[in-house]
Structure formats: C-alpha cells, structure tokens
Amino acid sequence: MASCEHCGTEYAQKGAADRYCCRGCEFVATLIAESGFERFYDLKQGLALAPVRSRPFEEHDFSWLGAKVAEAEQRALSRGEAAHVELALEGISCVGCVWLVEKLFARHAGSVRAVANPSSGRLHLEWVPMHCELEPFLRELCQFGYVAAPAGSVSGDHERSRLAARMGLCGAFALNAMGFTLPVYLNMPADFEFAALFRLIAFFSATLSMLVGGGYFMDRAWRSLRAGALHIDLPIALGLLAAYAGSITGWVMKYERLMYFDFVSIFVFLMLSGRYLQTSAVEKNRRRLVRQQPVPEAVPRLERDGELVGREAIQPGLRFLLAPGQALPVSGVMVAGAADFSLEWIHGEAEPLRFAAGSRLPAGAILLSRTPAAIEAGECWEDSLLAKLTAPVVGERGSPGLARLLRVYLIIVLMLGVAALVFWSLRGQALTGLQAMISVFVVSCPCALGVAIPLADDLAASAMERLGVYVRTATLWPRLRRVRKVVFDKTGTLTLERPVLDNPAAVAQLDDPAALALAQLTRGSLHPVARALLEASGTRGQKLLAQSPGSVPEELAGLGVALTTPAGRWSLGKAGWSGVDGTGAAAARPGSELRFNGNLVAAFHFTETLRPGVVEMLRHLERRGLALYILSGDHPDKVATMAKALGLPEEHAHGGLSPEEKSRRVRLVSRHDTLYLGDGANDSLAFDAALVTGTPVVDRSLLESKADFYTLGAGLGFLPSLLKTASRRAAAVRSAFGFALLYNLTTVGFSMEGRMSPLLAAILMPLSSIVSILLVATIFRAIAANKG
C-alpha cells in the first residue's frame, strides 16, 4: 500500500508513476504547485486528509448565495462595517487547509479576512460591501477540494457547544472550590477568621457545578432509567448526589469528614471533559460532509411560477418539476419529453435507463439529465417506499454487555455502601457510617473510565481517519468486537460507484480541440460515463474549460449529448450513434464514442470494476473466521458471477432482492453479529437489521447519516484494520478496567473502614483519572506499534 502524496490516504498503487489515490487529489496537488502554495504540505505536517475524489470536477449549486450576500451587505451598510457571513465547509481538516483558504480569499478584490475552523467545519468570511464577489471565490474553493454550503444545511453541533460551555464554567467552579478549600489541605484551624466565608464560597461553587454540569449527567441517567435501560451516567449521577448531599449534611452538622464540595466540582469538570472529547470526535465526523440531500424537501409545482410544495404535501395528480441529480420522492409518470434516470438506488443496476412521456417512474429514480423533468405524482409521500427507506434511526445501538456490567456494578456498590452504614450505626457511630457510605459511593464512581474510555475511542477514531474512515456513533467499537458475519451490497459497495475507463490513453491522446470538446460535453453531467470521462480529462480538461468554457450541450435521451461549435458538431454518446440527430439508433456494441461531424474521433470502453483491494480484504476477513455474504438488487446472474470471481460460496450470494428482501436476509443470517456495508437507498432497511453499519460515500450519498461509520476512500482495504483497531481499543479499555478494579477495591476498603476523608478522595480521584489516561494511551500505542 502507498500513501497519497496529497491527502496521505493509503491506496493500492498501480505503478511507480502512480502518486495519488484519485484524480481529484492529483488535480488539487497540481493547482497547489502552480499557485505557489507548497507551504500547505509543510503546515499539514503529514496528517492524513479526506481524499478529494470528484469534488473539483462536480457542478456545485450556489443559487442560495445571492440572498445571503444581499442580507449581509444590507446589514453591514446600515452599520458602517464589513459584511460577514457564516458558511459550512466540506473538506477542511487541518491548519494547512486553514492557511490555504485564507490565502485564496486574500487574492480576491474587496476581501477582508477568511477564518476557517476545522473543528466546527465552519467558514467565516468578511468583505467590503459591494466590492467583493463571493461566488467566484467559492467556485475556486471547489477547485481546491473545498465545498461551501449554508451553515444550516449541516447537522448542528449543539451538543458539543453545550458541553464546551458547561466544561468551561465547571472548570472555573472547580478552581474556585479548590482554592477556597485550600485551608483544609494546609491543616489550618477550622475556626480561622474567614473559614465560614470560604466554606460558603466552596458550597456555592459545588452547587453551581451541580446545576451546570451535574444536571447533564443526572438528566441522562434519569431518562435512561425511565426507558428501562442503564447508562454509564447513572453511577456518575449517584456519586455526585451522594457527595453533594453528604457535603451539605457535614456542613450543617459541622462534620468535616462529610464535606466533599471540592470533590464535587473537580469530578464534574473531569467527567464533562471526557464526554466532550467523545462527543467532539463523533460530531466532527458528522459535520465533515456538506452534501445536498438527494431526496428534495420540496418540489416546484409545474406552471405555478416556482411555487414550492413540501414533499409531505404531495398528493396523487400533483404535477411538479424534478431537478437534475434529485431522487423522485414519490412514484409518478413522465408528463412530457424524455430523460435518463438511474435506478441504482432501487435495484442496484448501474446502467441508466431512458424514460419517455407516459412512462411510470418508481420512487427513488434519480434524474441524470441536465434539465428538470415534469412529473405527475402517483402517490403521497407517506405511502412512498422512499419515505420508509429514508426514515432516520432513533437513538444508537447500545451494548447489552455494558448494561449487564453496570447492573452488577451498581448492585455491588449499593450493597457495600449500605453495609458500611449499618455496620458503623450498630456500633453507635452513625455519622461515621454515613461518611463511610458516602465515601463508597464517591470513590467507586467510574471517574477513571469516564475519561479513559473517551480517550481510547478518540485514539481509535484518529487511527481510522488516517485510512479515510470516519466514525459517527460512539458505541461502534464494542459492537465491532461482536461481528462474526459481514454482508456487502454489490454495486457501488464492492464495485466503484461509476464505471472505470479501460483505455485512458484514448483521452490522453486527444488533441486540444477534441479534449476541449470532451470536457465541454461531460461538464455538469450526472451520467456515470460522462463523469468518468471528465475525471479522466483531469487537469488538462479543467484548464481547457477555464480558457474556453463553451455552451451547454444538447441532450438526446438514451443516445448522448451534442455540441455545435463554429468548427462543427461534436457528439458523445453510445457506440454507433452518429450524433447528427436523435433519430438514429445506436449500435448494440458496448462503449461510448466521441465524434466530430459524425466522424469517429475516439472510442471509450468501460467496465464495472471492483474497488481496490477487495479480494485481499475478503481473504483477510475469512482468515479471521468471518462469514461473508453478498446481497444485491442487481441481476442474480451478475451477482453469482461476481461471487464466483471473489471466491465466495454460491449460497452466500443473492441477487434481484428488493429492500425488504435484503432486510429479511440480514435478519435470517444475523445473530446480532452482522456488519452490513451498502451505499444506496435500497440498503436502508438492511441497515436497520444489522448490528454494525458502514457506507462508502458516493456521488449521491444518503446512508452516511444512518451509518455507524463511512469512508471517503476508493477501497475497502480498511475493513481488517477497522476490526484490528476495535481489538486494540478493547485491550486498552480492559487495562483501564483492570486498574479501576484495583483502585476501587483499595479505596472502597478504606471507605468502609471510615478512613476515606474528603481531602483524600479529592486527591485520589483526579490522580486515578490521570493514571488511566496514561495507561490507555501507552497500551494503545504499544499494541498499534507491535501489530502495525
């Protein structure tokens, strides 16, 4: 495996001259070199970025930008200041990206500053009102692999920002509580002049910590109990309540050994820090993609001047326009004309189909033409199969093993605490018994695990990011350890989402006029063949387009596209089509042809190609003892042929399946131990039936919002590494559990004997957390270094 010279992602190298994982990375690397921005790679410091893939070659919609700019400039002019706007930005991930975005914006007249934030995925722009054009800048960003979108189009980071605010406040409260408990640490007399005031401040600091930070854990613990489940926040909430209530009791009764105010504040801050680390990693990956939803939220009513109808309000008989690249929300009938549609989402067939006026279209058909199609709805949105397939997953899949462990853990802690209270009370020392019980509850809180496990999750997620894999759910890692079966969709998952050009030399050998014509004919097209040819044109094609963009080609559904220039007529279409008009029929032979005035210039041949490293990946999974399956909507013969070529058992490969049949098949083979990889809407119901889910992000992505993880790379070679990383993470967590067990046995023993003072608890708790963090980091990295 080689590492891409631009993004650092590992990929299967085809030859010594192959330096990039995709055409997008090659194109951006060339632009960076030509623009004199090589410092980008110094600032990147070897960090792996997400592969660029096809972003520079795609047409991006900035119709939303005008209204935002007008609003920002009007507000700025009224206040006499620079205009500013907040945008979401896909593709930004390091300080090198920040520097590059700032440099690009500085080249545009009227720019003031650009501030890009890799953590939040946001871009802040400031400019002189009426003197700066933002759209050219955003289109230039696309050329460098960054795509901007309205900030509201990306799932929000409310949980993360709320945790950050709570953590900051609780950090201040913890410092306050520690500072004003200092006299106790220094063994100062309990009745010194400001003792009462210091205790009052420590009480208020702990109270504010409980209200701001403790309430977060108590609310989650209470909601999990109401749902009949146990959450790790329950013992945290129990320890906090015990420490706080005991502190108030000790304060009122003037019993110092019950006053845990400083412990409460420190504990809340540390637990929030661990939870912030965990949430930050997950939400960063959820915000990494800025993509237009392929299923439209609303459609324009036909012949009503752009009046929008929400998809929930669609009724049978409604006539509306479907935009290029969008999926038909409900089944319907073509009203007029003809257009090419992809049904890959529905049955897995990659080859586009032509539909003429009067043809019935299924829900989920994706319009590939450059112009909108007029559709008459045949059903309501709630009756549409697509509505069922795109229904969001409620909550995250949990781990039953963790729930059982928590149940046993809580029962033992409660029994030990009550036993200590009873023991000391029978000896006539009720206050000592109360202090012992509270100490048991306090020191047995999973404080070490509350920061150690999030750290292990973050280390594991960072290791996978270097392979172009991004984790979306915090409970993924323990579930991966239970996987015994892996189920693959075929088209777009085991194979690349678009056909591969077999003879790229045919593109490279075109002279400049022919290469320009090819770029003009394929630019903006959603047809998989056209997109493959545009990427094959690479940097040369983009430069020629910049010099002579040309006009929009004429589309002839089912045949191809044509473009009339002063020199003559160029066409790109099915083999045998002359390109002169739409009346001739194309030959049955495969491939596409570029013609000039009807004369053949170049013929292009394509094949459905496996993703890089698929065979090696499957053999590796088999050596791990995993059972492998293929479930596809594609033709059964194609699926059987692929299974035979991949060396999979015939009975493990099934084709011609509907979404419901895929789901049933997964439920039949699964014993809550199945990993499912798919990329289309027809895999959505199967996702709901699997234990772990993943998806390669393709041109018209849908499932990354439901998947536990997604990949931006071209291959599937990451799967063995993903399972290995789950094992490494488990080993690190086991070490933390072992230390926590030893720590708890020791401290609980001290507590039950009545020897655990608030001061000792306040020292041991953060110390145990630090030891756990060092233990996890050391073991995780040692295992990674030994296993590679």
# chains A, B, ... in the order shown; residues from 1 in each chain; ligands from 1
>>> residues_around(residues="stretch 593-607 of chain A", least_positions_apart="6", cutoff="6 Å", atoms="only C-alpha atoms", output="PyMOL selection string")
chain A and resi 499-502+569-573+575+578-579
>>> residues_around(residues="A:Ala686", least_positions_apart="3", cutoff="6 Å", atoms="only C-alpha atoms", output="NGL selection string")
:A and (662-663 or 683 or 689)
>>> write_last_selection(atoms="N, CA and C atoms", output="compact mmCIF listing (two decimals), in the first residue's frame")
# COMPACT_ATOMS: atom_id res chain seq x y z
N LYS A 662 -33.78 -7.72 1.23
CA LYS A 662 -32.44 -7.57 1.81
C LYS A 662 -32.51 -7.58 3.33
N SER A 663 -33.47 -6.84 3.88
CA SER A 663 -33.62 -6.78 5.32
C SER A 663 -33.93 -8.16 5.90
N ASP A 683 -30.48 -0.22 0.54
CA ASP A 683 -29.78 -0.87 1.65
C ASP A 683 -30.27 -0.35 3.01
N ALA A 689 -31.52 -3.70 10.26
CA ALA A 689 -31.49 -5.08 10.76
C ALA A 689 -30.11 -5.50 11.22
>>> select_by_dssp(residues="stretch 207-391 of chain A", states="alpha helix (DSSP H)", output="ChimeraX atom specification")
/A:207-209,215-226,233-252,261-287,344-347,385-389
>>> closest_residue(among="A:Val115, A:Leu367, A:Leu459, A:Ala506", to="A:Lys103", atoms="only C-alpha atoms")
A:Val115
>>> select_by_dssp(residues="stretch 519-635 of chain A", states="strand (DSSP E or B)", output="PyMOL selection string")
chain A and resi 554-556+560-565+568-574+592-596+599-604+606-607+610+627-631
>>> write_last_selection(atoms="C-alpha atoms", output="short mmCIF file (atom, residue, chain, number, x, y, z; two decimals), in the first residue's frame")
data_model
loop_
_atom_site.label_atom_id
_atom_site.label_comp_id
_atom_site.auth_asym_id
_atom_site.auth_seq_id
_atom_site.Cartn_x
_atom_site.Cartn_y
_atom_site.Cartn_z
CA GLU A 554 -27.87 19.41 -26.25
CA GLU A 555 -29.09 16.18 -24.66
CA LEU A 556 -30.76 13.39 -26.59
CA GLY A 560 -25.92 11.01 -25.78
CA VAL A 561 -25.07 14.72 -25.93
CA ALA A 562 -24.04 17.01 -28.77
CA LEU A 563 -22.45 20.45 -29.02
CA THR A 564 -22.37 22.74 -32.05
CA THR A 565 -19.25 24.92 -32.29
CA GLY A 568 -18.50 21.86 -36.42
CA ARG A 569 -20.66 19.48 -34.39
CA TRP A 570 -19.18 17.35 -31.60
CA SER A 571 -21.08 14.47 -30.02
CA LEU A 572 -20.54 11.96 -27.25
CA GLY A 573 -22.86 9.01 -26.94
CA LYS A 574 -23.49 5.33 -27.35
CA SER A 592 -19.08 5.37 -25.88
CA GLU A 593 -17.77 7.36 -28.82
CA LEU A 594 -16.61 10.91 -29.39
CA ARG A 595 -17.42 12.11 -32.90
CA PHE A 596 -16.86 15.26 -34.94
CA ASN A 599 -16.79 11.00 -37.88
CA LEU A 600 -15.30 8.85 -35.13
CA VAL A 601 -12.57 10.60 -33.15
CA ALA A 602 -12.17 8.25 -30.17
CA ALA A 603 -13.89 5.22 -28.69
CA PHE A 604 -14.03 4.69 -24.94
CA PHE A 606 -15.75 0.88 -19.65
CA THR A 607 -16.11 -1.95 -17.18
CA LEU A 610 -14.15 -3.88 -8.07
CA ALA A 627 -18.65 -15.43 7.17
CA LEU A 628 -19.08 -13.26 4.04
CA TYR A 629 -22.26 -12.56 2.07
CA ILE A 630 -23.39 -10.50 -0.95
CA LEU A 631 -26.97 -9.17 -1.07
#
>>> closest_residue(among="A:Arg479, A:Ser632, A:Val212, A:Glu650", to="A:Leu691", atoms="only C-alpha atoms")
A:Arg479
>>> residues_around(residues="A:Tyr470", least_positions_apart="6", cutoff="7 Å", atoms="only C-alpha atoms", output="MDAnalysis selection string")
chainID A and resid 285 461 464 709:711
>>> residues_around(residues="A:Phe355", least_positions_apart="5", cutoff="12 Å", atoms="only C-alpha atoms", output="list in words")
Gly332, Val333, Met334, Val335, Ala336, Gly337, Ala338, Ala339, Asp340, Phe341, Ser342, Leu343, Arg360, Leu361, Pro362, Ala365, Ile366, Leu367, Leu368, Ser369, Ala373, Ala374, Ile375, Leu556, Ala557 and Gly558 of chain A
>>> closest_residue(among="A:Asp511, A:Val615, A:Leu163, A:Gly250", to="A:Tyr216", atoms="only C-alpha atoms")
A:Leu163
>>> closest_residue(among="A:Gly613, A:Pro316, A:Gly433, A:Pro590", to="A:Arg755", atoms="only C-alpha atoms")
A:Gly433
>>> closest_atom_pairs(of="stretch 131-167 of chain A", to="stretch 74-95 of chain A", cutoff="6 Å", atoms="only C-alpha atoms", output="tab-separated table")
residue	atom	partner	partner_atom	distance
A:Tyr146	CA	A:Gly91	CA	4.9
A:Val147	CA	A:Glu90	CA	5.0
A:Ala148	CA	A:Leu89	CA	4.5
A:Ala149	CA	A:Ala88	CA	5.2
A:Pro150	CA	A:Leu87	CA	5.1
A:Ala151	CA	A:Ala88	CA	4.4
>>> write_last_selection(atoms="N, CA and C atoms", output="compact mmCIF listing (two decimals), in the first residue's frame")
# COMPACT_ATOMS: atom_id res chain seq x y z
N TYR A 146 -12.60 22.07 -1.65
CA TYR A 146 -13.43 22.50 -0.52
C TYR A 146 -14.79 22.96 -1.06
N VAL A 147 -15.86 22.49 -0.44
CA VAL A 147 -17.20 22.84 -0.90
C VAL A 147 -17.93 23.59 0.20
N ALA A 148 -18.42 24.79 -0.12
CA ALA A 148 -19.15 25.61 0.85
C ALA A 148 -20.64 25.40 0.68
N ALA A 149 -21.36 25.54 1.78
CA ALA A 149 -22.81 25.40 1.79
C ALA A 149 -23.36 26.27 2.90
N PRO A 150 -24.67 26.55 2.89
CA PRO A 150 -25.26 27.31 4.00
C PRO A 150 -25.00 26.58 5.31
N ALA A 151 -24.66 27.35 6.34
CA ALA A 151 -24.30 26.72 7.62
C ALA A 151 -25.42 25.86 8.16
>>> residues_around(residues="A:Arg107", least_positions_apart="2", cutoff="12 Å", atoms="only C-alpha atoms", output="JSON, numbers by chain")
{"A": [35, 100, 101, 102, 103, 104, 105, 109, 110, 111, 112, 113, 114, 132, 133, 134, 136, 137, 140]}
>>> atom_distance(atom1="atom CA of A:His635", atom2="atom CA of A:Gly656")
5.1 Å
